[in-house]
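**Student:** Contents of input.cif (mmCIF, C-alpha atoms and all ligand atoms) are below:
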```cif
data_protein
#
loop_
_atom_site.label_atom_id
_atom_site.label_comp_id
_atom_site.auth_asym_id
_atom_site.auth_seq_id
_atom_site.Cartn_x
_atom_site.Cartn_y
_atom_site.Cartn_z
CA MET A 1 -23.30 1.00 30.39
CA SER A 2 -25.33 3.78 31.97
CA SER A 3 -22.18 4.93 33.76
CA ARG A 4 -20.07 5.59 30.68
CA PRO A 5 -17.69 8.39 31.70
CA GLU A 6 -17.70 9.66 28.11
CA ILE A 7 -21.24 10.99 28.45
CA GLN A 8 -20.76 12.54 31.88
CA ALA A 9 -18.25 15.30 31.11
CA PRO A 10 -15.41 16.19 28.75
CA PRO A 11 -12.28 14.12 29.51
CA GLU A 12 -10.24 17.01 30.91
CA ILE A 13 -13.09 17.69 33.35
CA PHE A 14 -14.03 14.11 34.13
CA TYR A 15 -10.42 13.19 34.89
CA ASN A 16 -9.90 15.90 37.51
CA ASP A 17 -7.47 15.64 40.42
CA ASP A 18 -9.86 13.49 42.42
CA GLU A 19 -10.76 11.08 39.68
CA ALA A 20 -7.14 10.84 38.49
CA ARG A 21 -6.06 9.79 41.96
CA LYS A 22 -8.94 7.36 42.43
CA TYR A 23 -8.31 5.88 38.99
CA THR A 24 -4.64 5.29 39.61
CA SER A 25 -5.01 3.86 43.12
CA SER A 26 -7.59 1.23 42.22
CA SER A 27 -5.84 -2.13 42.10
CA ARG A 28 -8.63 -3.43 39.89
CA ILE A 29 -8.09 -0.69 37.31
CA ILE A 30 -4.30 -1.06 37.49
CA GLU A 31 -4.65 -4.75 36.73
CA ILE A 32 -7.13 -4.33 33.89
CA GLN A 33 -5.11 -1.56 32.21
CA ALA A 34 -1.92 -3.60 32.52
CA LYS A 35 -3.59 -6.58 30.83
CA LEU A 36 -4.99 -4.45 28.04
CA SER A 37 -1.62 -2.83 27.47
CA GLU A 38 0.21 -6.15 27.39
CA ARG A 39 -2.21 -7.43 24.81
CA ALA A 40 -1.90 -4.23 22.76
CA LEU A 41 1.86 -4.52 22.82
CA GLU A 42 1.59 -8.12 21.68
CA LEU A 43 -0.68 -7.07 18.80
CA LEU A 44 1.83 -4.37 17.83
CA ALA A 45 4.04 -7.28 16.78
CA LEU A 46 7.31 -5.38 17.01
CA PRO A 47 10.37 -7.21 15.69
CA GLU A 48 11.75 -9.52 18.36
CA ASP A 49 15.31 -8.34 18.12
CA GLY A 50 15.64 -6.87 21.59
CA VAL A 51 16.05 -3.35 20.22
CA PRO A 52 14.02 -0.81 22.21
CA ARG A 53 11.57 1.14 20.03
CA LEU A 54 10.14 4.61 20.20
CA LEU A 55 6.43 4.23 20.92
CA LEU A 56 3.52 6.56 21.37
CA ASP A 57 0.87 6.13 24.06
CA ILE A 58 -2.24 8.08 23.09
CA GLY A 59 -4.46 9.02 26.01
CA CYS A 60 -1.69 7.86 28.34
CA GLY A 61 -3.41 9.15 31.47
CA SER A 62 -1.43 8.55 34.65
CA GLY A 63 0.93 6.19 32.88
CA LEU A 64 -0.57 2.80 33.70
CA SER A 65 -0.41 1.73 30.06
CA GLY A 66 3.01 3.28 29.54
CA GLU A 67 4.45 1.25 32.38
CA THR A 68 3.90 -1.89 30.35
CA LEU A 69 5.95 -0.33 27.56
CA THR A 70 8.73 0.55 29.99
CA GLU A 71 8.73 -2.96 31.41
CA SER A 72 9.29 -4.27 27.91
CA GLY A 73 12.26 -1.97 27.56
CA HIS A 74 10.79 0.56 25.12
CA GLN A 75 11.00 4.33 25.11
CA TRP A 76 7.66 6.07 24.93
CA VAL A 77 6.00 9.43 24.68
CA GLY A 78 2.52 9.83 26.10
CA LEU A 79 -0.16 12.30 25.15
CA ASP A 80 -3.17 13.19 27.27
CA ILE A 81 -5.72 15.97 27.51
CA SER A 82 -6.07 15.81 31.29
CA GLN A 83 -3.53 17.82 33.28
CA SER A 84 -4.62 15.98 36.43
CA MET A 85 -3.88 12.57 34.95
CA LEU A 86 -0.47 13.80 33.76
CA ASP A 87 0.25 15.25 37.20
CA VAL A 88 -0.27 11.82 38.70
CA ALA A 89 2.01 10.37 36.04
CA VAL A 90 4.73 12.86 37.04
CA GLU A 91 4.26 11.97 40.69
CA ARG A 92 4.62 8.31 39.86
CA GLU A 93 7.85 9.11 38.02
CA VAL A 94 6.94 7.29 34.83
CA GLU A 95 9.81 6.81 32.40
CA GLY A 96 8.06 8.19 29.34
CA ASP A 97 7.84 11.83 28.34
CA LEU A 98 4.45 13.46 28.66
CA ILE A 99 2.63 15.89 26.42
CA LEU A 100 -0.52 17.79 27.27
CA GLY A 101 -2.54 17.67 24.08
CA ASP A 102 -5.83 16.81 22.44
CA MET A 103 -5.66 13.93 19.95
CA GLY A 104 -8.77 15.36 18.28
CA GLN A 105 -6.69 18.37 17.20
CA GLY A 106 -4.27 16.04 15.45
CA LEU A 107 -0.92 14.90 16.82
CA ALA A 108 1.77 17.57 16.70
CA LEU A 109 4.43 15.19 15.46
CA ARG A 110 6.81 15.20 12.58
CA PRO A 111 6.23 12.54 9.88
CA GLY A 112 7.49 8.98 10.18
CA VAL A 113 9.09 9.27 13.59
CA VAL A 114 7.37 6.66 15.73
CA ASP A 115 7.91 2.90 15.55
CA GLY A 116 4.45 2.09 16.86
CA ALA A 117 1.53 3.47 18.84
CA ILE A 118 -0.83 2.13 21.44
CA SER A 119 -3.92 3.67 22.96
CA ILE A 120 -5.74 2.07 25.85
CA SER A 121 -9.37 2.95 26.63
CA ALA A 122 -9.19 6.45 25.15
CA VAL A 123 -10.15 6.83 21.48
CA GLN A 124 -13.91 6.37 22.02
CA TRP A 125 -13.82 9.78 23.71
CA LEU A 126 -13.48 11.32 20.26
CA CYS A 127 -17.02 10.27 19.38
CA ASN A 128 -18.45 12.84 21.78
CA ALA A 129 -18.91 16.49 20.94
CA ASP A 130 -17.94 18.24 24.17
CA LYS A 131 -17.97 21.76 22.83
CA SER A 132 -20.14 23.46 20.27
CA SER A 133 -17.07 23.70 18.07
CA HIS A 134 -16.51 19.95 18.24
CA ASP A 135 -17.41 17.80 15.29
CA PRO A 136 -16.56 14.16 16.07
CA ARG A 137 -16.00 13.40 12.40
CA LYS A 138 -13.52 16.21 11.95
CA ARG A 139 -11.74 15.20 15.13
CA LEU A 140 -11.54 11.54 14.17
CA LYS A 141 -10.22 12.57 10.78
CA ALA A 142 -7.57 14.87 12.25
CA PHE A 143 -6.54 12.20 14.71
CA PHE A 144 -6.19 9.29 12.30
CA GLU A 145 -4.54 11.32 9.56
CA SER A 146 -1.93 12.69 11.94
CA LEU A 147 -1.40 9.26 13.49
CA TYR A 148 -0.84 7.78 10.04
CA ARG A 149 1.70 10.45 9.19
CA SER A 150 3.64 10.11 12.42
CA LEU A 151 4.21 6.37 12.05
CA SER A 152 7.10 4.95 10.08
CA ARG A 153 6.14 2.82 7.07
CA GLY A 154 4.90 -0.62 8.04
CA ALA A 155 4.50 0.40 11.69
CA ARG A 156 1.38 -0.50 13.59
CA ALA A 157 -1.03 1.27 15.87
CA VAL A 158 -3.11 -0.80 18.29
CA LEU A 159 -6.02 1.05 19.83
CA GLN A 160 -8.11 -0.64 22.50
CA VAL A 161 -11.50 1.05 22.48
CA TYR A 162 -14.85 0.93 24.23
CA PRO A 163 -17.31 2.01 21.54
CA GLU A 164 -20.76 2.69 22.88
CA ASN A 165 -22.48 0.78 20.09
CA VAL A 166 -22.06 -0.67 16.63
CA ALA A 167 -22.39 2.71 14.95
CA GLN A 168 -19.54 4.16 16.99
CA ARG A 169 -17.33 1.19 16.25
CA GLU A 170 -17.99 1.56 12.54
CA LEU A 171 -17.43 5.30 12.69
CA ILE A 172 -14.02 4.93 14.32
CA LEU A 173 -12.97 2.14 11.98
CA SER A 174 -14.11 4.02 8.88
CA PHE A 175 -11.99 7.06 9.71
CA ALA A 176 -8.99 4.83 10.33
CA MET A 177 -9.43 3.24 6.90
CA ARG A 178 -9.96 6.58 5.21
CA ALA A 179 -6.68 7.83 6.65
CA GLY A 180 -4.97 5.01 4.75
CA PHE A 181 -4.57 2.37 7.42
CA ALA A 182 -4.99 -1.31 6.65
CA GLY A 183 -6.30 -3.65 9.32
CA GLY A 184 -9.42 -4.24 11.32
CA ILE A 185 -10.82 -5.02 14.72
CA VAL A 186 -9.61 -7.87 16.90
CA VAL A 187 -12.13 -8.95 19.49
CA ASP A 188 -10.91 -10.90 22.50
CA TYR A 189 -13.48 -12.96 24.40
CA PRO A 190 -16.31 -11.90 22.05
CA HIS A 191 -18.84 -14.04 23.87
CA SER A 192 -18.42 -12.56 27.31
CA SER A 193 -19.85 -9.15 28.03
CA LYS A 194 -17.42 -8.72 30.92
CA SER A 195 -14.14 -9.77 29.38
CA ARG A 196 -14.93 -8.74 25.83
CA LYS A 197 -12.28 -6.32 24.57
CA GLU A 198 -11.82 -4.70 21.20
CA TYR A 199 -8.61 -3.58 19.56
CA LEU A 200 -8.23 -1.71 16.32
CA VAL A 201 -5.11 -3.18 14.82
CA LEU A 202 -3.90 -0.78 12.15
CA THR A 203 -0.95 -0.96 9.84
CA CYS A 204 0.56 2.05 8.15
CA GLY A 205 0.98 1.39 4.45
CA PRO A 206 -0.69 -0.77 1.82
CA PRO A 207 -2.31 -4.09 2.85
CA SER A 208 0.16 -6.95 2.98
CA LEU A 209 0.66 -10.20 4.79
CA SER A 210 1.87 -8.32 7.83
CA SER A 211 -1.27 -6.21 7.93
CA ALA A 212 -3.63 -9.18 8.11
CA THR A 213 -5.62 -8.83 11.30
CA PRO A 214 -4.67 -11.35 13.98
CA GLN A 215 -7.21 -13.57 15.71
CA GLY A 216 -8.91 -12.54 18.89
CA ILE A 217 -8.55 -14.63 22.03
CA GLY A 218 -11.56 -16.86 22.59
CA GLU A 219 -12.97 -15.90 19.22
CA ASP A 220 -13.77 -19.43 18.19
CA ALA A 221 -14.85 -20.62 21.60
CA ASP A 222 -18.22 -22.29 21.90
CA CYS A 223 -20.44 -19.52 23.08
CA SER A 224 -23.43 -21.56 24.14
CA ASN A 225 -22.33 -21.85 27.74
CA ASP A 226 -21.52 -18.26 28.28
CA GLU A 227 -24.34 -16.58 30.08
CA SER A 228 -23.71 -13.27 28.42
CA SER A 229 -23.86 -14.57 24.89
CA GLU A 230 -27.34 -13.11 24.51
CA ASP A 231 -26.05 -9.62 24.59
CA GLU A 232 -27.64 -8.27 21.42
CA GLU A 233 -24.74 -6.18 20.39
CA ASN A 234 -22.13 -8.86 20.91
CA GLN A 235 -24.18 -11.20 18.86
CA ALA A 236 -24.58 -8.82 16.01
CA VAL A 237 -20.87 -8.20 15.64
CA CYS A 238 -18.58 -10.95 16.74
CA VAL A 239 -15.81 -9.67 14.59
CA SER A 240 -16.16 -6.59 12.50
CA ASP A 241 -13.25 -6.89 10.20
CA ARG A 242 -13.22 -5.84 6.62
CA HIS A 243 -10.39 -8.13 5.68
CA ARG A 244 -11.91 -11.26 7.01
CA PRO A 245 -14.17 -13.56 5.01
CA ARG A 246 -17.81 -13.10 5.89
CA LYS A 247 -18.21 -16.70 6.88
CA LYS A 248 -16.02 -16.25 9.90
CA GLN A 249 -18.37 -13.67 11.32
CA LYS A 250 -20.33 -16.43 12.87
CA LEU A 251 -23.44 -15.77 14.83
CA ASN A 252 -24.43 -17.61 17.93
CA LYS A 253 -26.55 -20.60 17.12
CA LYS A 254 -28.17 -21.32 20.43
CA THR A 255 -30.23 -18.73 22.19
CA LYS A 256 -31.73 -18.66 25.63
CA GLY A 257 -35.28 -18.18 24.38
CA ARG A 258 -37.96 -15.57 24.67
CA GLN A 259 -38.58 -15.82 28.42
CA TRP A 260 -34.97 -15.12 29.19
CA VAL A 261 -34.83 -12.15 26.87
CA LEU A 262 -38.02 -10.66 28.34
CA LYS A 263 -36.60 -10.99 31.83
CA LYS A 264 -33.30 -9.38 30.81
CA LYS A 265 -35.14 -6.50 29.13
CA GLU A 266 -37.19 -5.93 32.25
CA GLN A 267 -34.01 -5.80 34.33
CA MET A 268 -32.51 -3.24 31.98
CA ARG A 269 -35.66 -1.10 32.16
CA LYS A 270 -35.45 -1.11 35.95
CA LYS A 271 -31.91 0.19 35.66
CA GLY A 272 -33.33 3.08 33.68
CA ASN A 273 -31.94 2.03 30.31
CA ALA A 274 -33.76 2.66 27.06
CA VAL A 275 -35.04 -0.72 25.95
CA PRO A 276 -37.25 -1.32 22.91
CA PRO A 277 -40.83 -2.37 23.75
CA ASP A 278 -41.62 -6.10 23.73
CA SER A 279 -43.35 -7.30 20.61
CA ARG A 280 -43.95 -10.51 18.75
CA TYR A 281 -40.54 -10.06 17.18
CA THR A 282 -38.76 -10.04 20.51
CA ALA A 283 -36.15 -12.82 20.73
CA ARG A 284 -36.97 -14.09 17.29
CA LYS A 285 -34.10 -15.46 15.34
CA ARG A 286 -32.92 -13.00 12.72
CA LYS A 287 -32.37 -13.97 9.16
CA ASP A 288 -28.70 -14.54 8.47
CA HIS A 289 -28.81 -12.16 5.57
CA PHE A 290 -25.18 -11.22 5.92
CA MET B 291 10.67 16.70 28.45
CA ARG B 292 13.70 15.20 26.77
CA LEU B 293 15.21 16.31 23.49
CA LEU B 294 14.01 13.01 22.05
CA THR B 295 10.50 14.39 22.38
CA HIS B 296 11.52 17.84 21.22
CA ASN B 297 12.90 16.21 18.08
CA MET B 298 9.50 14.61 17.37
CA LEU B 299 7.28 17.59 18.09
CA SER B 300 6.13 19.90 15.35
CA SER B 301 3.74 22.81 15.62
CA ASN B 302 0.39 21.87 14.09
CA ILE B 303 -1.33 25.22 14.23
CA LYS B 304 -3.72 25.64 11.35
CA GLY B 305 -1.98 27.14 8.34
CA VAL B 306 1.53 26.38 9.58
CA THR B 307 3.42 24.55 6.85
CA ASN B 308 6.76 24.17 8.58
CA GLY B 309 6.32 23.70 12.30
CA PHE B 310 9.67 22.04 12.91
CA PRO B 311 11.83 22.49 14.86
CA LEU B 312 10.27 24.36 17.74
CA ALA B 313 12.73 26.81 19.29
CA LEU B 314 13.59 26.24 22.94
CA GLU B 315 13.32 28.79 25.70
CA VAL B 316 14.94 27.32 28.77
CA THR B 317 14.03 28.56 32.21
CA LYS B 318 14.95 25.45 34.12
CA LEU B 319 16.58 22.22 33.08
CA VAL B 320 17.45 19.03 34.89
CA THR B 321 19.54 16.01 34.00
CA LYS B 322 18.50 12.49 34.88
CA PRO B 323 20.66 9.44 34.23
CA VAL B 324 19.25 6.86 31.83
CA ASP B 325 20.62 3.39 31.02
CA PHE B 326 22.85 3.45 27.96
CA ASN B 327 21.51 1.32 25.12
CA PRO B 328 23.56 1.48 21.89
CA ASP B 329 20.95 -0.46 19.88
CA PHE B 330 18.26 2.08 20.64
CA LEU B 331 20.62 4.91 19.75
CA LYS B 332 21.57 3.37 16.42
CA ASN B 333 17.91 3.02 15.55
CA MET B 334 17.23 6.60 16.63
CA LEU B 335 20.15 8.00 14.70
CA LEU B 336 18.27 7.12 11.51
CA LYS B 337 15.26 9.07 12.70
CA VAL B 338 16.45 12.20 14.44
CA GLU B 339 16.78 15.48 12.67
CA TRP B 340 20.39 15.98 13.60
CA LYS B 341 20.65 19.72 13.13
CA ALA B 342 17.62 20.30 15.33
CA LEU B 343 19.14 18.09 18.02
CA VAL B 344 22.46 19.92 17.89
CA GLU B 345 20.74 23.29 18.25
CA ALA B 346 18.39 22.13 20.97
CA SER B 347 21.23 20.62 22.99
CA ARG B 348 23.14 23.91 22.69
CA ALA B 349 20.10 25.79 23.94
CA MET B 350 20.24 23.41 26.90
CA GLY B 351 23.87 24.28 27.49
CA TYR B 352 25.39 21.13 26.00
CA ALA B 353 27.75 21.76 23.09
CA GLU B 354 29.43 18.39 22.66
CA LEU B 355 27.55 17.08 19.63
CA PRO B 356 29.34 17.22 16.25
CA GLU B 357 27.73 19.42 13.58
CA GLN B 358 27.25 16.45 11.32
CA THR B 359 27.05 12.70 11.60
CA GLU B 360 28.63 10.02 9.50
CA PRO B 361 27.58 6.39 9.34
CA SER B 362 30.89 5.29 10.85
CA MET B 363 30.16 7.21 14.05
CA VAL B 364 27.84 4.51 15.34
CA GLU B 365 30.97 2.46 15.99
CA SER B 366 32.30 5.06 18.37
CA GLU B 367 31.15 4.64 21.94
CA GLU B 368 32.33 8.12 22.74
CA PHE B 369 29.98 9.55 20.12
CA LEU B 370 27.07 7.34 21.19
CA ARG B 371 27.50 8.44 24.82
CA LYS B 372 27.22 12.08 23.81
CA PHE B 373 24.22 11.36 21.63
CA HIS B 374 22.67 9.42 24.52
CA HIS B 375 23.18 12.29 26.93
CA ALA B 376 21.72 14.88 24.58
CA LEU B 377 18.76 12.76 23.49
CA LEU B 378 17.68 11.17 26.76
CA GLU B 379 19.25 12.74 29.81
CA LEU B 380 18.67 16.47 29.41
CA HIS B 381 15.18 17.49 30.45
CA LEU B 382 13.49 20.81 29.89
CA GLU B 383 11.58 21.35 33.14
CA GLU B 384 10.31 24.89 32.73
CA GLY B 385 10.31 27.11 29.68
CA SER B 386 8.62 27.11 26.32
CA LEU B 387 8.64 25.77 22.79
CA VAL B 388 8.24 28.38 20.11
CA CYS B 389 6.56 27.74 16.76
CA PRO B 390 9.15 28.65 14.10
CA GLN B 391 6.55 30.10 11.76
CA THR B 392 4.16 32.02 14.01
CA GLY B 393 6.18 32.64 17.16
CA ARG B 394 3.35 31.15 19.23
CA LYS B 395 4.72 29.82 22.52
CA PHE B 396 3.81 26.44 23.91
CA PRO B 397 4.58 26.57 27.64
CA VAL B 398 6.46 23.75 29.34
CA CYS B 399 5.55 23.26 33.01
CA LYS B 400 6.86 20.51 35.27
CA GLY B 401 8.48 19.03 32.20
CA ILE B 402 5.20 18.79 30.28
CA PRO B 403 4.77 20.81 27.09
CA ASN B 404 1.27 22.14 26.66
CA MET B 405 0.48 21.56 22.99
CA LEU B 406 -3.26 22.30 23.30
CA LEU B 407 -4.38 24.60 20.52
CA HIS B 408 -6.79 27.49 20.93
CA GLU B 409 -10.00 27.10 18.99
CA ASP B 410 -8.92 29.49 16.27
CA GLU B 411 -5.69 27.55 15.75
CA VAL B 412 -7.42 24.27 14.86
C1 LIG A 501 -9.56 5.39 30.81
S1 LIG A 501 -8.21 6.53 30.73
C2 LIG A 501 -6.89 5.46 30.19
C3 LIG A 501 -5.55 5.99 30.58
C4 LIG A 501 -4.37 5.07 30.29
N1 LIG A 501 -4.27 4.78 28.86
C5 LIG A 501 -4.51 3.77 31.06
O1 LIG A 501 -4.54 2.71 30.43
O2 LIG A 501 -4.60 3.83 32.27
C6 LIG A 501 -8.62 7.46 29.25
C7 LIG A 501 -7.68 8.65 29.04
O3 LIG A 501 -7.93 9.21 27.75
C8 LIG A 501 -7.71 10.60 27.85
N2 LIG A 501 -8.35 11.30 26.74
C9 LIG A 501 -9.68 11.40 26.46
N3 LIG A 501 -9.88 12.18 25.38
C10 LIG A 501 -8.65 12.59 24.96
C11 LIG A 501 -8.21 13.43 23.88
N4 LIG A 501 -9.09 14.00 23.06
N5 LIG A 501 -6.89 13.62 23.73
C12 LIG A 501 -6.00 13.06 24.59
N6 LIG A 501 -6.36 12.26 25.62
C13 LIG A 501 -7.68 12.03 25.81
C14 LIG A 501 -8.30 10.93 29.19
O4 LIG A 501 -7.85 12.18 29.69
C15 LIG A 501 -7.85 9.75 30.04
O5 LIG A 501 -6.63 10.01 30.70
#
```
Now, as a test, write the supplied structure out as structure tokens.

**Tutor:**
Amino acid sequence: MSSRPEIQAPPEIFYNDDEARKYTSSSRIIEIQAKLSERALELLALPEDGVPRLLLDIGCGSGLSGETLTESGHQWVGLDISQSMLDVAVEREVEGDLILGDMGQGLALRPGVVDGAISISAVQWLCNADKSSHDPRKRLKAFFESLYRSLSRGARAVLQVYPENVAQRELILSFAMRAGFAGGIVVDYPHSSKSRKEYLVLTCGPPSLSSATPQGIGEDADCSNDESSEDEENQAVCVSDRHRPRKKQKLNKKTKGRQWVLKKKEQMRKKGNAVPPDSRYTARKRKDHF
Amino acid sequence: MRLLTHNMLSSNIKGVTNGFPLALEVTKLVTKPVDFNPDFLKNMLLKVEWKALVEASRAMGYAELPEQTEPSMVESEEFLRKFHHALLELHLEEGSLVCPQTGRKFPVCKGIPNMLLHEDEV
């Protein structure tokens, strides 16, 4: 967590020529991004009629996510703020068209044109203010409003995000809802800090059966065996979904106990992370007041 | 950049109420063959702004598109092939897109339009 790229530099600086090349030649990253994109495409739930659609890839980078769209036969247009990432995409001869642009300035698209949008590991960047003129709230607003407008009625946007904390997740979701989207967050593997992935699944138009948020993978799995199930944040929000009955937001029952928590906190301190001081409340069970 | 993308793009400079279509300034264009898919084209025909596509394809030196479309045209392979070529195979490599309201130019380099706004345009 201490190595979040979002806090190191603005995206167009962080993803420079060097980083763009490194990013796109790592087989580990290629594999992860492909998996995330496949899942996002699945959550888009496009009609299964074999007709290629016109899709948008927001924060398309060097085209790793777009390749999944091409493999499924779709046409896509990608937007990214990093010239270096787009240069790599050109070199790799991706099939989609590329646009150099900043999603925080709003998408420069005409209304109702796209059949669906995906975004893989990009939207959390909007939560940072990289320039004095940047106001994350304004940028989130501009982004979601323009995304809403550009989608055809009933179309979906699936955004895989890495929010830094609960507040960021709520911030992103709230601006999506305010723009008029229906939907919520799907969490895959909520009980594993490594595999845990979050997707905002948004539908353009009023809530309906088709806008009900799908289930995450591994959501109902028994979390007691997973060694990472103590992760405070994961525990607090298994599924943060406004359209889902509260009861389903189940909390982990079993915990590893105080000793384990103290040890974990010590480890985090050694890594230089900000960890709250130990007290008599440490590792106490919280009241299930929600 | 293909005309498919041109047909989607609209200038979003602050205060601009009608940013579509962006005018094309063509310095260099290339054509790249793309697989012909009638289903995709039929779907796209409902979405494209036809007049803008006709004008853009002319600016790219292709004058084969009819001024207007009729629903029956989707049955004609000849028509769909022309539509296919204009929409997907013509690429603007170098040049610019011009905002119809302000005249502001968005440069296109290596096929990538630069739609980044200056701070006072947001
Ligand atoms: C982790 S990369 C993911 C790239 C690609 N989606 C993939 O799956 O490989 C995140 C990308 O988001 C882009 N990005 C960050 N902020 C952006 C913004 N405001 N507008 C457009 N793209 C942005 C970055 O430049 C970077 O290419």

**Student:** Can you pull out every residue within 9 Å of A:Met103, counting only C-alpha atoms, but drop anything in the same chain fewer than 4 positions away, and send it as a PyMOL selection string?

**Tutor:** chain A and resi 58-59+79-81+107-108+123+126+139-140+142-144+146

**Student:** Let me have all residues with an atom within 7 Å of ligand LIG 501 (chain A), counting all atoms listed in the file, laid out as a list of chain:residue names.

**Tutor:** A:Pro11, A:Glu12, A:Tyr15, A:Gln33, A:Ser37, A:Ile58, A:Gly59, A:Cys60, A:Gly61, A:Ser62, A:Gly63, A:Leu64, A:Ser65, A:Leu79, A:Asp80, A:Ile81, A:Ser82, A:Met85, A:Gly101, A:Asp102, A:Met103, A:Gly104, A:Ser119, A:Ile120, A:Ser121, A:Ala122, A:Val123, A:Trp125, A:Leu126

**Student:** Report, in Å with one decimal, the straight-line distance from atom CA of A:Ile30 to atom CA of A:Ile172.

**Tutor:**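 Distance reported for this atom pair: 25.8 Å.
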
**Student:** Could the residues of chain B within 6 Å of chain A, counting all atoms listed in the file, be given as a list in words, please?

**Tutor:**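 Taken together, these residues fit the definition: Met291, Met298, Leu299, Ser300, Ser301, Asn302, Asp329, Phe330, Ile402, Pro403, Asn404, Met405 and Leu406 of chain B.
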
**Student:** With C-alpha atoms kept, could you save the residues just selected as a PDB file, in the frame of the given file?

**Tutor:**
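This went into out-v4.pdb:
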```
ATOM      1  CA  MET B 291      10.670  16.700  28.450  1.00  0.00           C
ATOM      2  CA  MET B 298       9.500  14.610  17.370  1.00  0.00           C
ATOM      3  CA  LEU B 299       7.280  17.590  18.090  1.00  0.00           C
ATOM      4  CA  SER B 300       6.130  19.900  15.350  1.00  0.00           C
ATOM      5  CA  SER B 301       3.740  22.810  15.620  1.00  0.00           C
ATOM      6  CA  ASN B 302       0.390  21.870  14.090  1.00  0.00           C
ATOM      7  CA  ASP B 329      20.950  -0.460  19.880  1.00  0.00           C
ATOM      8  CA  PHE B 330      18.260   2.080  20.640  1.00  0.00           C
ATOM      9  CA  ILE B 402       5.200  18.790  30.280  1.00  0.00           C
ATOM     10  CA  PRO B 403       4.770  20.810  27.090  1.00  0.00           C
ATOM     11  CA  ASN B 404       1.270  22.140  26.660  1.00  0.00           C
ATOM     12  CA  MET B 405       0.480  21.560  22.990  1.00  0.00           C
ATOM     13  CA  LEU B 406      -3.260  22.300  23.300  1.00  0.00           C
TER      14      LEU B 406
END
```

**Student:** How many Å lie between atom CA of A:Gly216 and atom CA of A:Tyr189, rounded to one decimal?

**Tutor:** 7.2 Å

**Student:** Suppose you want the space between atom CA of B:Met334 and atom CA of B:Phe373; what is it in Å?

**Tutor:**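 Going from atom CA of B:Met334 over to atom CA of B:Phe373, I get 9.8 Å.
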
**Student:** Take the point (5.6, 31.4, 22.9) in the file's coordinates, draw a sphere of radius 10 Å around it, and report as a PyMOL selection string every protein, DNA or RNA residue with an atom inside or on it, counting only C-alpha atoms.

**Tutor:** chain B and resi 312-315+385-390+392-397

**Student:** Produce a file of the selected residues containing C-alpha atoms, as a compact mmCIF listing (two decimals), keeping the file's coordinate frame.

**Tutor:**
```txt
# COMPACT_ATOMS: atom_id res chain seq x y z
CA LEU B 312 10.27 24.36 17.74
CA ALA B 313 12.73 26.81 19.29
CA LEU B 314 13.59 26.24 22.94
CA GLU B 315 13.32 28.79 25.70
CA GLY B 385 10.31 27.11 29.68
CA SER B 386 8.62 27.11 26.32
CA LEU B 387 8.64 25.77 22.79
CA VAL B 388 8.24 28.38 20.11
CA CYS B 389 6.56 27.74 16.76
CA PRO B 390 9.15 28.65 14.10
CA THR B 392 4.16 32.02 14.01
CA GLY B 393 6.18 32.64 17.16
CA ARG B 394 3.35 31.15 19.23
CA LYS B 395 4.72 29.82 22.52
CA PHE B 396 3.81 26.44 23.91
CA PRO B 397 4.58 26.57 27.64
```

**Student:** Given the choices B:Asp325, B:Gly309, B:Glu367, B:Trp340, which gets closest to B:Leu355 if the distance is worked out from all atoms listed in the file?

**Tutor:**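 The answer is B:Trp340, which sits nearest to B:Leu355.
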
**Student:** Please tell me which residues are no farther than 12 Å from (-15.1, 29.8, 12.2) in the file, counting only C-alpha atoms, and write them as a list of chain:residue names.

**Tutor:**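 Checking each residue against the 12 Å limit leaves A:Ser132, A:Ser133, A:His134, B:Glu409, B:Asp410, B:Glu411, B:Val412.
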
**Student:** Please save C-alpha atoms of the selected residues as a short mmCIF file (atom, residue, chain, number, x, y, z; two decimals), keeping the file's coordinate frame.

**Tutor:**
```cif
data_model
loop_
_atom_site.label_atom_id
_atom_site.label_comp_id
_atom_site.auth_asym_id
_atom_site.auth_seq_id
_atom_site.Cartn_x
_atom_site.Cartn_y
_atom_site.Cartn_z
CA SER A 132 -20.14 23.46 20.27
CA SER A 133 -17.07 23.70 18.07
CA HIS A 134 -16.51 19.95 18.24
CA GLU B 409 -10.00 27.10 18.99
CA ASP B 410 -8.92 29.49 16.27
CA GLU B 411 -5.69 27.55 15.75
CA VAL B 412 -7.42 24.27 14.86
#
```

**Student:** Which residue gives the smallest distance to B:Glu365 among B:Val344, B:Leu331, B:Leu294, B:Val306, with only C-alpha atoms counted?

**Tutor:**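 Checking each of B:Val344, B:Leu331, B:Leu294, B:Val306 against B:Glu365, counting only C-alpha atoms, the winner is B:Leu331.
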